[in-house]
Amino acid sequence: MQKKESPNGPQNGRVKFGILPKLLLGILVPLFVVLGVMGIFLGLQGASTVDEIMSADLDSETKAAANEVESFFSHYYGVTEALAETQLLQDVVTQQQDGGLKASPLYTDLLETLQAVQQKNQEGISYIWVSDFQSGDLLQSDNQLFTQDELDYTTRAWYKLVMEKKDSVATEAYESATSDGLIVTLASPIMVNGEIRGIVGMDVGMSNLEKTLASIKIGDTGYITLYDSTGQILYHPDSSLINTNAADANYSSNILAAIQNKETMSATLYTRSGINYYGSTRGIPSIDYSVLGIMPQAEYDNHIYAILRILIIGVLVCGILLACICTFIALSITRPLKKLDVVVGKLADGELNVAVDTHSSDEIGKVGFNVERIVDRLKEYILYIDELSDVLRQIGNGNLVFTLKHAYVGDFAKLKDALLHIQGTLTNTLGTIALSADQVNAGADQIASGAQALAQGATQQASSVEELSSAVQELSGQATDEANKAVDAGKFLEKIKDEVEKSNQQMAMMRKAMDDISTQSGAIRNIIKAIDDIAFQTNILALNAAVEAARAGVVGKGFSVVAEEVRNLAGKSADAAKETNQLIENSVRAVKNGEEITQATAESLHLVEDGTKQIVETINDIATTYHAQAGKLSEIARGVDQISSVIQTNSATAQESAAASEELSGQASMMREQLSHFKVAESRQDSYDISSSSEDDLSGFAEPGSKY
């Protein structure tokens with residue numbers, strides 16, 4: 001037999017592009033593409049997220065610093081404004097008295113008031129002073145009195161700012177003459193009938209504010225800087241920059257403009273002295289100051305680079321592991337295939353003495369095992385073919401006595417069965433025909449009697465089928481009723497689902513109401529702060545009233561009692577304000593707890609809503625099923641009616657069969673007459689006439705369709 005060759009050349013030729021590179025390229029290339037795309041996407045997303053987090057942290061710390069600065073100055077602003085509005089100071093600046101402030105009968109009371117206020121707020125305050133425009137004198141809380149000849153305060157910055165703005169002001173910071181550190185002067189005008197008659201102010205040290213700002217850290221190396229209205233640096237961790245104007249500190253133009261214009265700007269990249277930073281600015285309108293939160297770009301970017309490094313390393317490690325795993329899997333597939341290729345090539349060349357060496361428990365191992373079975377089976381098939389050829393020659397020569405020695409399997413087993421069937425069929429055909437003739441004759445009688453019984457049974461079946469049809473109709477009506485009930489239940493659950501949705505909406509309104517309560521609590525907290533300030537001012541007024549009562553002598557004793565009561569009321573107001581503030585804090589916590597409970601309830605209602613939807617869908621499916629069953633039961637009822645008609649037809653047919661059986665008996669007698677002309681050879685090696693044989697003599701023949 002000539003060996004076939006493949007269209008592209010001999011089958012033992014070298015493979016140009018094998019399974020191994022195909023598997024590696026088909027698996028690794030898409031995997032590396034997916035890993036690369038995912039790495040890029042995750043890197044960009046992670047970098048963006050870290051950038052937003054760092055920017056938000058920088059902005060929040062800058063805002064916190066601005067709030068600390070504003071709170072610091074607001075406290076001292078309140079003190080100066082409260083003093084400026086006291087009756088004592090207004091009386092002092094309106095009295096016409098020769099000899100200046102020292103000659104005023106209110107001098108002692110004024111000095112005691114200044115000292116009392118400084119004693120109460122002594123931390124951070126160097127001096128509290130009052131300037132009288134009428135006399136030109138300036139009195140300090142340390143009992144120093146400067147006349148106009150000794151001190152011309154009209155040249156001072158605080159005087160010019162107050163006269164320009166006609167409101168409370170804060171000056172630029174300047175070096176203290178008595179201590180190391182910066183001082184800011186806060187001044188408020190003493191207004192009488194809409195006219196400035198004097199100025200009260202205080203010199204506030206910046207050390208406490210510097211400590212507060214120094215405690216605010218942004219990241220690991222970030223910090224806060226503070227600028228006054230002119231852009232002068234009031235606080236910076238680098239002490240060499242303090243008292244330096246921002247315009248002289250080598251800031252880039254974008255951040256310098258934000259500082260000078262007191263703008264609020266989110267995290268922005270800028271440079272100072274050639275070094276890159278990220279800065280967030282926030283203006284303080286109440287004092288015309290500005291705050292700058294700073295983080296070096298190196299620290300800012302390190303967080304982003306850390307995320308990118310982790311992602312890159314993760315992608316590379318995953319890629320290497322996947323490459324190793326895919327290579328191992330591909331080799332475990334291709335190596336056994338190469339061995340099988342050698343074996344199959346030998347089989348194609350007609351060499352059956354081959355050994356299959358594939359020790360694998362996967363599908364390839366099974367293929368190798370089956371190839372080995374194919375080799376063994378081919379060897380058996382050669383023996384089958386030789387034996388079958390010999391048997392066919394014997395049948396061709398008329399010899400039906402043969403034996404098949406081999407155990408045929410597969411398609412060859414069909415050949416064995418066919419040969420044995422031919423052998424038995426040819427031997428028993430004549431005997432079977434004779435026996436069939438007798439059986440046909442007897443069967444005709446049985447058919448006649450059976451037909452009569454069939455007609456009687458058909459009548460009984462018709463009655464039973466009618467009863468069955470009635471029962472099926474009743475089941476169909478019940479199925480329709482159940483379907484309608486399921487539809488009604490679905491509509492009821494739809495209403496329940498609508499109510500659950502309304503409950504979800506009401507729960508959302510409740511959460512909004514709690515948010516409004518929290519907002520109103522913040523507003524009440526501001527009102528309590530205002531009450532606290534009023535209590536403080538009331539205390540000052542009470543002090544002023546006591547001074548007035550003391551000056552009035554006996555006539556002012558009653559007024560002194562009233563002043564004492566007012567002072568007591570001011571103290572009670574302050575205590576009540578603190579207690580109220582504590583109650584509001586408790587209310588805020590309770591509202592927060594209620595909001596969490598409301599959130600949990602809302603989530604439960606969402607789960608109930610989802611469950612209700614599933615129940616509605618299930619009931620609708622049940623209704624559909626019931627409708628389908630009702631339709632099928634109707635079809636069954638129609639089928640039963642048809643069966644009833646068929647049974648009645650069968651009854652008539654059975655009677656016809658009885659008549660036909662008589663004719664069949666006559667045909668069987670004619671067949672026996674035809675078989676009487678044939679003779680068969682038995683295993684006893686004798687012959688006899690089929691027509692003269694009895695039923696017992698034909699018992700050796702097999703029945704039609706039986707196996708030999």
# chains A, B, ... in the order shown; residues from 1 in each chain; ligands from 1
>>> select_by_dssp(residues="segment 227-458 of chain A", states="alpha helix (DSSP H)", output="number ranges by chain")
A: 253-260, 297-348, 363-396, 411-458
>>> residues_around(residues="Lys485 of chain A", least_positions_apart="3", cutoff="12 Å", atoms="only C-alpha atoms", output="list in words")
Gln478, Ala479, Thr480, Asp481, Glu482, Asp488, Ala489, Gly490, Lys491, Phe492, Ile619, Asn620, Ile622, Ala623, Thr624, Tyr626 and His627 of chain A
>>> atom_distance(atom1="atom CA of Glu61 of chain A", atom2="atom CA of Gly293 of chain A")
7.0 Å
>>> residues_around(residues="Ala82 of chain A", least_positions_apart="6", cutoff="10 Å", atoms="only C-alpha atoms", output="PyMOL selection string")
chain A and resi 76+188+200+533-534+536-538+540-541
>>> residues_around(residues="Gln614 of chain A", least_positions_apart="5", cutoff="12 Å", atoms="only C-alpha atoms", output="PDB file with C-alpha atoms, in the first residue's frame")
ATOM      1  CA  GLY A 490     -49.658  40.013  42.925  1.00  0.00           C
ATOM      2  CA  LEU A 493     -48.152  42.931  46.839  1.00  0.00           C
ATOM      3  CA  GLU A 494     -47.734  45.680  44.228  1.00  0.00           C
ATOM      4  CA  LYS A 497     -44.326  47.599  47.298  1.00  0.00           C
ATOM      5  CA  LEU A 607     -34.116  45.063  51.313  1.00  0.00           C
ATOM      6  CA  VAL A 608     -37.879  44.704  51.997  1.00  0.00           C
ATOM      7  CA  GLU A 609     -38.613  46.499  48.725  1.00  0.00           C
ATOM      8  CA  ILE A 619     -46.576  35.169  42.125  1.00  0.00           C
ATOM      9  CA  ASN A 620     -46.842  36.468  38.570  1.00  0.00           C
ATOM     10  CA  ASP A 621     -44.883  33.410  37.417  1.00  0.00           C
TER      11      ASP A 621
END
>>> closest_residue(among="A:Leu110, A:Leu241, A:Ala542, A:Asp376", to="Leu569 of chain A", atoms="only C-alpha atoms")
A:Ala542
>>> atom_distance(atom1="atom CA of Thr62 of chain A", atom2="atom CA of Lys211 of chain A")
15.5 Å
>>> atom_distance(atom1="atom CA of Tyr289 of chain A", atom2="atom CA of Lys262 of chain A")
7.0 Å
>>> select_by_dssp(residues="segment 18-215 of chain A", states="strand (DSSP E)", output="PyMOL selection string")
chain A and resi 125-132+138-140+145-146+169-170+174-175+182-192+195-205
>>> residues_around(residues="segment 322-328 of chain A", least_positions_apart="3", cutoff="10 Å", atoms="only C-alpha atoms", output="count of residues only")
17
>>> residues_around(residues="Ile199 of chain A", least_positions_apart="4", cutoff="9 Å", atoms="only C-alpha atoms", output="list in words")
Ala84, Trp129, Val130, Ser131, Asp132, Phe133, Tyr159, Val162, Ala187, Ser188, Pro189, Ile190 and Met191 of chain A
>>> closest_residue(among="A:Asp137, A:Asp51, A:Asp532, A:Asp220", to="Val92 of chain A", atoms="only C-alpha atoms")
A:Asp137
